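Source file: entry.txt; contents: compact mmCIF, C-alpha atoms.
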```txt
# COMPACT_ATOMS: atom_id res chain seq x y z
CA MET R 1 115.06 115.65 84.92
CA ILE R 2 113.36 114.77 88.20
CA GLY R 3 115.42 113.66 91.19
CA LEU R 4 114.78 110.58 93.33
CA PRO R 5 113.65 112.19 96.60
CA PHE R 6 114.19 109.39 99.16
CA ALA R 7 116.57 106.97 97.43
CA GLY R 8 116.84 103.70 99.33
CA ASP R 9 114.92 105.00 102.37
CA GLY R 10 113.13 101.95 103.75
CA VAL R 11 111.22 103.94 106.37
CA VAL R 12 109.55 106.14 103.74
CA HIS R 13 108.79 103.10 101.58
CA ALA R 14 107.29 101.14 104.48
CA ALA R 15 105.34 104.14 105.81
CA VAL R 16 103.67 104.79 102.45
CA LEU R 17 103.02 101.09 101.89
CA GLY R 18 101.51 100.93 105.39
CA LEU R 19 99.17 103.77 104.40
CA GLY R 20 98.21 101.76 101.33
CA ILE R 21 97.34 98.68 103.40
CA ARG R 22 95.32 100.82 105.82
CA ALA R 23 93.43 102.46 102.93
CA ALA R 24 92.68 99.03 101.45
CA LEU R 25 91.31 97.70 104.74
CA LEU R 26 89.12 100.79 105.20
CA PHE R 27 87.84 100.51 101.64
CA HIS R 28 87.11 96.83 102.17
CA ALA R 29 85.08 97.70 105.28
CA TYR R 30 83.21 100.40 103.34
CA GLU R 31 82.48 98.10 100.42
CA LYS R 32 81.16 95.41 102.77
CA LEU R 33 78.78 97.95 104.27
CA ARG R 34 77.70 99.27 100.87
CA ARG R 35 76.88 95.78 99.65
CA GLY R 36 75.06 95.00 102.89
CA LEU R 37 77.40 92.09 103.61
CA SER R 38 77.48 91.38 107.33
CA ASP R 39 78.76 87.82 107.34
CA PRO R 40 81.42 87.61 110.10
CA ARG R 41 83.47 85.18 107.98
CA LEU R 42 84.41 87.90 105.49
CA TRP R 43 87.11 89.44 107.69
CA PRO R 44 88.86 86.14 108.34
CA ILE R 45 88.80 85.47 104.58
CA ALA R 46 90.33 88.91 103.99
CA GLY R 47 92.92 88.03 106.64
CA PHE R 48 93.81 84.79 104.85
CA ALA R 49 94.06 86.73 101.56
CA VAL R 50 96.45 89.33 103.03
CA ALA R 51 98.60 86.81 104.92
CA PHE R 52 98.96 84.31 102.10
CA GLY R 53 99.36 87.03 99.47
CA ALA R 54 102.24 88.44 101.50
CA ILE R 55 103.81 85.01 102.05
CA ARG R 56 103.58 84.21 98.34
CA SER R 57 105.10 87.57 97.46
CA ARG R 58 108.18 86.60 99.51
CA VAL R 59 108.45 82.89 98.83
CA LEU R 60 108.11 83.06 95.06
CA LYS R 61 110.57 85.96 94.88
CA TRP R 62 113.31 84.10 96.73
CA ASP R 63 116.37 84.10 94.54
CA VAL R 64 118.31 81.07 95.75
CA SER R 65 121.33 82.04 93.64
CA ARG R 66 121.99 85.02 95.94
CA GLN R 67 122.66 82.74 98.91
CA VAL R 68 121.43 85.08 101.64
CA SER R 69 120.45 83.78 105.07
CA SER R 70 116.81 82.86 105.63
CA ALA R 71 116.48 85.53 108.34
CA ASP R 72 117.87 88.22 106.05
CA TRP R 73 115.70 87.19 103.15
CA TRP R 74 112.61 86.94 105.36
CA GLY R 75 113.20 90.30 107.02
CA ASN R 76 114.65 92.34 104.18
CA GLY R 77 114.28 90.33 101.00
CA ASP R 78 112.47 91.28 97.83
CA ARG R 79 108.72 91.06 97.50
CA SER R 80 106.84 90.54 94.27
CA ILE R 81 103.44 92.13 93.83
CA LEU R 82 102.83 89.92 90.84
CA THR R 83 103.22 86.62 92.65
CA GLY R 84 101.29 87.98 95.61
CA LEU R 85 98.37 89.01 93.44
CA VAL R 86 98.09 86.11 91.05
CA GLY R 87 96.62 82.93 92.45
CA ALA R 88 94.54 84.14 95.39
CA CYS R 89 94.97 80.79 97.12
CA GLY R 90 94.57 82.49 100.50
CA VAL R 91 91.02 83.47 99.63
CA HIS R 92 90.18 79.92 98.55
CA LEU R 93 91.71 78.48 101.70
CA GLY R 94 89.88 81.01 103.88
CA LYS R 95 86.58 80.25 102.17
CA ARG R 96 87.07 76.51 102.50
CA LEU R 97 88.05 76.70 106.16
CA THR R 98 85.22 79.03 107.13
CA GLY R 99 82.62 77.32 104.92
CA TYR R 100 81.78 80.51 103.00
CA ARG R 101 80.49 79.68 99.52
CA GLU R 102 79.65 83.00 97.84
CA SER R 103 82.11 84.64 95.47
CA ILE R 104 83.99 87.60 96.89
CA GLY R 105 85.89 88.36 93.69
CA ASP R 106 84.02 91.65 93.35
CA LEU R 107 84.77 92.75 96.89
CA LEU R 108 88.57 92.69 97.00
CA PRO R 109 89.99 94.10 93.70
CA PRO R 110 89.19 97.81 94.23
CA ALA R 111 90.80 97.65 97.68
CA VAL R 112 93.86 95.93 96.19
CA ALA R 113 94.14 98.59 93.47
CA LEU R 114 93.99 101.32 96.10
CA ALA R 115 96.76 99.65 98.10
CA MET R 116 98.81 99.29 94.92
CA VAL R 117 98.50 103.00 94.09
CA LEU R 118 99.83 104.05 97.48
CA GLY R 119 102.33 101.22 97.77
CA ARG R 120 103.80 102.08 94.39
CA VAL R 121 104.11 105.73 95.45
CA GLY R 122 106.42 104.41 98.18
CA CYS R 123 108.41 102.57 95.50
CA LEU R 124 108.53 105.65 93.25
CA LEU R 125 109.96 107.81 96.02
CA THR R 126 112.66 105.37 97.06
CA GLU R 127 113.50 102.75 94.45
CA LEU R 128 115.58 102.41 91.35
CA PRO R 129 113.41 103.34 88.32
CA GLY R 130 113.44 101.69 84.87
CA THR R 131 115.67 101.70 81.83
CA PRO R 132 117.48 104.86 80.56
CA THR R 133 115.20 107.15 78.56
CA GLY R 134 117.89 108.23 76.12
CA GLY R 135 116.60 111.78 76.42
CA ALA R 136 116.77 114.72 78.79
CA TRP R 137 113.80 113.58 80.81
CA GLY R 138 113.15 110.85 83.35
CA ILE R 139 114.15 110.23 86.95
CA ALA R 140 117.80 110.89 87.76
CA ARG R 141 120.00 110.18 90.76
CA THR R 142 122.63 112.26 92.46
CA PRO R 143 126.08 110.65 92.85
CA GLY R 144 125.27 109.93 96.51
CA GLN R 145 121.96 108.28 95.63
CA ALA R 146 123.60 106.27 92.85
CA ALA R 147 125.99 104.87 95.44
CA THR R 148 122.99 103.75 97.53
CA VAL R 149 120.59 102.37 94.92
CA GLY R 150 123.01 101.74 92.04
CA GLY R 151 123.13 102.94 88.43
CA PRO R 152 124.95 105.92 86.88
CA PRO R 153 124.22 109.40 88.33
CA GLY R 154 122.70 112.20 86.27
CA VAL R 155 121.07 109.90 83.70
CA GLY R 156 117.30 110.03 83.15
CA PHE R 157 115.53 106.71 83.74
CA GLN R 158 112.01 105.65 82.72
CA PRO R 159 109.57 106.29 85.59
CA SER R 160 108.13 102.79 85.13
CA ILE R 161 106.69 102.81 88.65
CA ALA R 162 104.79 106.00 87.83
CA TYR R 163 103.26 104.23 84.81
CA GLU R 164 102.10 101.51 87.16
CA ILE R 165 100.56 104.04 89.54
CA VAL R 166 98.60 105.54 86.65
CA PHE R 167 97.43 102.06 85.63
CA HIS R 168 96.16 101.20 89.11
CA MET R 169 94.44 104.58 89.46
CA ALA R 170 92.65 104.03 86.16
CA ALA R 171 91.78 100.46 87.20
CA PHE R 172 90.37 101.70 90.49
CA GLU R 173 88.26 104.31 88.69
CA LEU R 174 86.90 101.74 86.22
CA MET R 175 86.18 99.20 88.96
CA TRP R 176 84.45 101.88 91.01
CA ARG R 177 82.21 102.61 88.04
CA PHE R 178 81.49 99.08 86.82
CA ARG R 179 81.80 97.01 90.00
CA ASP R 180 78.10 96.21 90.13
CA ARG R 181 77.58 95.66 86.43
CA LEU R 182 79.65 92.67 85.40
CA PRO R 183 77.67 89.56 84.44
CA ARG R 184 78.79 87.21 87.18
CA PRO R 185 80.15 87.51 90.70
CA GLY R 186 83.92 87.31 90.69
CA ASP R 187 84.35 88.74 87.19
CA LEU R 188 85.85 91.94 88.55
CA PHE R 189 88.82 90.03 89.94
CA ILE R 190 89.40 88.25 86.63
CA CYS R 191 89.26 91.55 84.71
CA TYR R 192 91.62 93.29 87.12
CA VAL R 193 94.22 90.53 87.20
CA THR R 194 94.09 90.04 83.42
CA SER R 195 94.46 93.71 82.61
CA TYR R 196 97.29 94.06 85.13
CA ALA R 197 99.03 91.02 83.67
CA PHE R 198 98.92 92.51 80.16
CA PHE R 199 99.99 95.92 81.37
CA ARG R 200 102.82 94.52 83.46
CA PHE R 201 104.06 92.38 80.58
CA GLY R 202 104.38 95.52 78.45
CA VAL R 203 105.82 97.82 81.08
CA GLU R 204 108.45 95.22 82.02
CA PHE R 205 110.31 96.23 78.83
CA VAL R 206 111.13 99.59 80.46
CA CYS R 207 111.40 98.39 84.08
CA GLY R 208 115.07 97.57 83.86
CA ASN R 209 114.68 94.14 85.47
CA GLU R 210 117.30 91.52 84.71
CA VAL R 211 116.73 89.80 81.36
CA LEU R 212 116.36 86.06 81.88
CA TRP R 213 115.99 84.65 78.36
CA LEU R 214 115.01 85.79 74.84
CA GLY R 215 115.03 89.43 75.90
CA MET R 216 112.38 88.89 78.56
CA SER R 217 112.63 89.28 82.31
CA ARG R 218 111.63 86.78 85.00
CA PRO R 219 108.21 88.46 85.57
CA GLN R 220 107.48 88.29 81.84
CA TRP R 221 108.15 84.55 81.73
CA PHE R 222 106.00 84.12 84.83
CA LEU R 223 103.22 86.09 83.10
CA LEU R 224 103.42 83.99 79.95
CA GLY R 225 102.42 81.01 82.07
CA ILE R 226 99.64 82.98 83.74
CA PHE R 227 98.24 84.11 80.37
CA LEU R 228 97.23 80.54 79.57
CA VAL R 229 94.93 80.49 82.60
CA LEU R 230 93.63 83.99 81.94
CA PHE R 231 92.79 83.27 78.28
CA TRP R 232 90.64 80.42 79.55
CA ARG R 233 88.88 82.60 82.14
CA MET R 234 88.32 85.84 80.19
CA PRO R 235 85.69 84.62 77.67
CA ARG R 236 83.29 83.97 80.54
CA VAL R 237 83.37 87.67 81.41
CA PHE R 238 82.87 89.08 77.93
CA GLY R 239 80.59 86.31 76.73
CA LYS R 240 77.64 88.13 78.28
CA SER R 241 76.50 91.74 78.21
CA LEU R 242 76.88 94.06 81.18
CA ARG R 243 74.13 94.19 83.78
CA PRO R 244 72.10 97.40 83.79
CA LYS R 245 73.18 99.95 86.34
CA LEU R 246 71.23 99.61 89.59
CA GLU R 247 70.53 102.51 91.87
CA GLY R 248 70.78 102.18 95.61
CA ARG R 249 72.24 99.35 97.63
CA VAL R 250 73.39 96.11 96.18
CA ALA R 251 72.07 92.96 97.78
CA MET J 1 46.53 56.26 103.67
CA SER J 2 48.10 59.57 104.24
CA ASP J 3 49.72 60.50 107.52
CA ASP J 4 49.07 64.18 106.94
CA ASN J 5 47.20 66.00 109.61
CA PRO J 6 44.24 67.72 107.88
CA GLU J 7 44.08 70.45 110.48
CA GLU J 8 47.68 71.33 109.88
CA ALA J 9 47.22 71.20 106.13
CA TRP J 10 44.30 73.65 106.15
CA SER J 11 45.58 75.94 108.82
CA PRO J 12 45.75 79.53 107.53
CA LEU J 13 48.73 80.26 109.73
CA PRO J 14 52.21 79.15 108.76
CA PRO J 15 53.64 76.40 110.95
CA PRO J 16 55.51 77.79 113.93
CA ARG J 17 59.19 78.04 113.15
CA GLU J 18 61.75 76.61 115.45
CA GLU J 19 63.61 79.33 117.29
CA GLU J 20 67.01 79.86 115.71
CA PRO J 21 69.82 79.66 118.23
CA PRO J 22 71.23 83.10 118.99
CA PRO J 23 74.51 83.75 117.19
CA GLU J 24 77.57 83.22 119.28
CA PRO J 25 78.95 86.46 120.63
CA ARG J 26 81.91 87.67 118.62
CA ARG J 27 84.84 88.58 120.77
CA GLY J 28 88.02 90.38 119.99
CA SER J 29 89.02 93.30 117.88
CA ILE J 30 90.47 93.17 114.40
CA LEU J 31 92.48 96.34 114.99
CA LEU J 32 93.93 95.03 118.25
CA GLY J 33 94.81 91.77 116.53
CA ILE J 34 96.68 93.66 113.79
CA LEU J 35 98.59 95.77 116.31
CA LEU J 36 99.44 92.89 118.62
CA GLY J 37 100.39 90.53 115.80
CA THR J 38 102.63 93.02 113.99
CA THR J 39 104.30 94.14 117.21
CA ALA J 40 104.91 90.56 118.32
CA LEU J 41 106.47 89.62 114.99
CA TYR J 42 108.70 92.68 114.89
CA ALA J 43 109.76 92.01 118.48
CA LEU J 44 110.52 88.40 117.65
CA TYR J 45 112.50 89.00 114.48
CA PHE J 46 114.18 92.29 115.27
CA GLY J 47 114.29 92.24 119.05
CA THR J 48 117.76 90.81 118.96
CA THR J 49 119.17 93.72 116.98
CA ARG J 50 122.78 92.68 117.43
CA GLY J 51 121.91 89.26 116.16
CA ILE J 52 120.61 90.51 112.85
CA ALA J 53 123.15 93.26 112.26
CA PRO J 54 124.97 92.57 108.98
CA ASP J 55 128.38 93.17 110.53
CA GLU J 56 127.59 90.54 113.17
CA GLY J 57 127.03 87.94 110.49
CA TYR J 58 123.35 87.47 111.34
CA LYS J 59 124.02 85.59 114.58
CA THR J 60 120.44 84.97 115.58
CA PHE J 61 118.69 81.92 116.86
CA LEU J 62 116.33 82.42 113.91
CA ALA J 63 119.09 81.77 111.40
CA GLY J 64 118.60 79.24 108.63
CA PRO J 65 115.31 77.41 108.17
CA ALA J 66 114.48 78.18 111.82
CA ALA J 67 113.47 81.66 110.60
CA LEU J 68 110.31 80.12 109.22
CA ILE J 69 109.27 78.18 112.34
CA PRO J 70 107.75 81.15 114.24
CA ILE J 71 105.88 82.23 111.10
CA GLY J 72 104.49 78.72 110.68
CA ALA J 73 103.40 78.53 114.32
CA TYR J 74 101.92 82.03 114.19
CA LEU J 75 100.03 81.22 111.00
CA ALA J 76 98.61 78.03 112.49
CA ILE J 77 97.41 79.79 115.66
CA ALA J 78 95.99 82.80 113.79
CA GLY J 79 94.26 80.51 111.28
CA ALA J 80 92.74 78.40 114.05
CA LEU J 81 91.43 81.53 115.79
CA ALA J 82 90.09 82.91 112.50
CA ILE J 83 87.95 79.88 111.70
CA ARG J 84 86.37 79.69 115.16
CA PRO J 85 83.31 81.97 115.14
CA ARG J 86 83.92 83.27 118.67
CA THR J 87 87.50 84.31 117.95
CA SER J 88 87.27 85.04 114.23
CA ARG J 89 87.89 88.77 114.64
CA TRP J 90 91.07 88.16 116.64
CA GLY J 91 92.23 85.63 114.09
CA ALA J 92 91.49 87.96 111.17
CA GLY J 93 93.46 90.73 112.86
CA LEU J 94 96.42 88.43 113.54
CA LEU J 95 96.42 87.21 109.92
CA ILE J 96 96.36 90.78 108.60
CA GLY J 97 99.13 91.63 111.06
CA LEU J 98 101.25 88.84 109.59
CA GLY J 99 100.63 90.22 106.10
CA VAL J 100 101.59 93.73 107.22
CA PHE J 101 104.80 92.44 108.82
CA ILE J 102 105.83 90.53 105.71
CA LEU J 103 104.93 93.30 103.28
CA LEU J 104 106.57 96.10 105.24
CA GLY J 105 109.48 93.83 106.05
CA GLY J 106 112.53 94.71 108.00
CA GLY J 107 112.99 97.97 106.14
CA ILE J 108 111.03 100.06 108.56
CA CYS J 109 112.88 98.67 111.56
CA VAL J 110 116.40 98.18 110.31
CA MET J 111 116.46 101.53 108.52
CA ALA J 112 115.07 103.34 111.55
CA LEU J 113 117.70 101.75 113.76
CA SER J 114 120.50 102.56 111.37
CA GLN J 115 119.33 106.18 111.14
CA MET J 116 119.20 106.39 114.94
CA SER J 117 122.69 104.99 115.26
CA ARG J 118 123.95 107.56 112.75
CA ARG J 119 122.51 110.35 114.90
CA ILE J 120 124.05 109.00 118.13
```

structure tokens encoding of this file:
Amino acid sequence: MIGLPFAGDGVVHAAVLGLGIRAALLFHAYEKLRRGLSDPRLWPIAGFAVAFGAIRSRVLKWDVSRQVSSADWWGNGDRSILTGLVGACGVHLGKRLTGYRESIGDLLPPAVALAMVLGRVGCLLTELPGTPTGGAWGIARTPGQAATVGGPPGVGFQPSIAYEIVFHMAAFELMWRFRDRLPRPGDLFICYVTSYAFFRFGVEFVCGNEVLWLGMSRPQWFLLGIFLVLFWRMPRVFGKSLRPKLEGRVA
Amino acid sequence: MSDDNPEEAWSPLPPPREEEPPPEPRRGSILLGILLGTTALYALYFGTTRGIAPDEGYKTFLAGPAALIPIGAYLAIAGALAIRPRTSRWGAGLLIGLGVFILLGGGICVMALSQMSRRI
């Protein structure tokens, strides 16, 4: 069994997540250059996306039943990647306010996937993993760590966060390869969010999150609602064939 | 009768274009905006360390719904700066700084302080 190296260490978690955000911003800058996009409104739109994504990740994760103070929740409360990612209202607001009309759905997803890979490494090193494996493998906690993050010591738990890291790495690789070949601008974002929604729905069964109803957790019920929107959007992506690969810079 | 000027119509040269106004100079730095914004928010929320300490019962002037007022004001100012062309870089940096603060949360600060106090 593998031990949990930095159980409950918020500094390690925040430091690695900070690296992820920095990597995403650098990749965004690189991708703008590669595509020859010099419009000064793109950074403010990225700013709106980051700020509103972060706000959504807090607000929609607020568990009112826990009755914590607003300051505590705001400073130390849970954050949900899922609610932060789905919706992208910050981008729409930024585009509307700045008057930018082109789609930027192909620009942001690889940067988001990169941030997710590193951010999830922070989670893997510090957080409670998934459900018990039932075997002699998985991530285990020492008695001291179990007192900090909860759960029984010495039992192997599913490394569900590691599965997520692998997913985002694979998504980044695929987006890197196909980011200029999808039929319409913005399709990359739809593909990324849809595939993550399906993956997350499946991996939730071994995440160990609290079951809300009918054996499914809160994120799974949230995703069931999102699937309706995604089923409507996906046919537009796969209704047309891929664009041929272009060499050189993309206009 | 047409009002077209025949000379203009047959001229081999394209009509002279009106000079486009030079773009407004962009001021400010995204990186500085991120640093200033994040630092300001951390200072605001965690500056009064005693006030947010769990054993003090979270006695801070930012208790209750008031915790959201500075964020709302910050968001409005950063958004206004971001949509003005001259200050868009500052605004973008401040918005990203807000996102960084929210995503990293109090963990980095509270945990660092608690570790320091354990060493003292």

Distance criterion (only C-alpha atoms): nearest to Val121 in chain R out of R:Arg179, R:Arg56, R:His13, R:Arg22: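 Checking each of R:Arg179, R:Arg56, R:His13, R:Arg22 against Val121 in chain R, counting only C-alpha atoms, the winner is R:His13.
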
Closest of J:Ala67, J:Tyr42, J:Ala73, J:Leu31 to chain R - atom-to-atom distances counting all atoms listed in the file: J:Ala67

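The neighbours of Leu35 in chain J here are the residues that come within 9 Å of it, using only C-alpha atoms and leaving out any residue fewer than 6 positions away in the same chain; they are Gly93, Leu94 and Gly97 of chain J.
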
Distance in Å - CA of Leu42 in chain R versus CA of Pro185 in chain R: 15.4 Å

All residues 12 Å or closer to Gly33 in chain J, all atoms listed in the file, same chain fewer than 2 positions away omitted, as a PyMOL selection string: (chain R and resi 43-44+47) or (chain J and resi 27-31+35-41+78+81-82+87-98+100)

Using only C-alpha atoms: which of R:Ala7, R:Ile226, R:Ala171, R:Ile81 has the shortest distance to Leu125 in chain R: R:Ala7

Residue among J:Pro85, J:Gly99, J:Gly79, J:Gly72 lying closest to chain R, counting all atoms listed in the file: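 Among the listed residues, J:Gly99 lies closest to chain R.
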
Exercise: Phe157 in chain R partners within 6 Å, all atoms listed in the file, chain neighbours under 5 positions left out, as a list of chain:residue names: R:Gly130, R:Thr131, R:Pro132, R:Thr133, R:Gly138, R:Ile139

Among the residues J:Leu32, J:Leu75, J:Ile69, J:Leu104, the one that comes closest to chain R [using only C-alpha atoms]: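 With only C-alpha atoms as the atom set, the closest residue is J:Leu104.
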
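Rounded to one decimal, CA of Gly105 in chain R and CA of Ile34 in chain J lie 23.4 Å from each other.
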
Gln220 in chain R environment, 8 Å, all atoms listed in the file, sequence neighbours closer than 3 positions dropped, as a PyMOL selection string: chain R and resi 200-201+204+216-217+223-224

For CA of Arg120 in chain R and CA of Ala46 in chain R, the interatomic separation in Å (one decimal):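 About the pair CA of Arg120 in chain R and CA of Ala46 in chain R: they are 21.1 Å apart.
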
Taking every listed atom of range 69-85 of chain J and adding 8 Å to each side, what centre and edge lengths in Å (one decimal) does the axis-aligned box have, as AutoDock Vina command-line options?
```
--center_x 96.3 --center_y 80.5 --center_z 113.2 --size_x 42.0 --size_y 20.9 --size_z 21.1
```

Option closest in space to chain J, from R:Gly36, R:Gly150, R:Pro235, R:Gly8 [counting all atoms listed in the file]: R:Gly8

Please provide as a short mmCIF file (atom, residue, chain, number, x, y, z; two decimals) with C-alpha atoms, in the frame of the given file all residues within 9 Å of range 190-198 of chain R, with the sequence filter that same-chain residues fewer than 2 positions apart are discarded (counting all atoms listed in the file).
```cif
data_model
loop_
_atom_site.label_atom_id
_atom_site.label_comp_id
_atom_site.auth_asym_id
_atom_site.auth_seq_id
_atom_site.Cartn_x
_atom_site.Cartn_y
_atom_site.Cartn_z
CA LEU R 82 102.83 89.92 90.84
CA LEU R 85 98.37 89.01 93.44
CA VAL R 86 98.09 86.11 91.05
CA GLY R 105 85.89 88.36 93.69
CA PRO R 109 89.99 94.10 93.70
CA PRO R 110 89.19 97.81 94.23
CA ALA R 113 94.14 98.59 93.47
CA PHE R 167 97.43 102.06 85.63
CA HIS R 168 96.16 101.20 89.11
CA ALA R 171 91.78 100.46 87.20
CA MET R 175 86.18 99.20 88.96
CA GLY R 186 83.92 87.31 90.69
CA ASP R 187 84.35 88.74 87.19
CA LEU R 188 85.85 91.94 88.55
CA ARG R 200 102.82 94.52 83.46
CA PHE R 201 104.06 92.38 80.58
CA GLY R 202 104.38 95.52 78.45
CA VAL R 203 105.82 97.82 81.08
CA LEU R 223 103.22 86.09 83.10
CA ILE R 226 99.64 82.98 83.74
CA PHE R 227 98.24 84.11 80.37
CA LEU R 230 93.63 83.99 81.94
CA PHE R 231 92.79 83.27 78.28
CA ARG R 233 88.88 82.60 82.14
CA MET R 234 88.32 85.84 80.19
CA VAL R 237 83.37 87.67 81.41
#
```
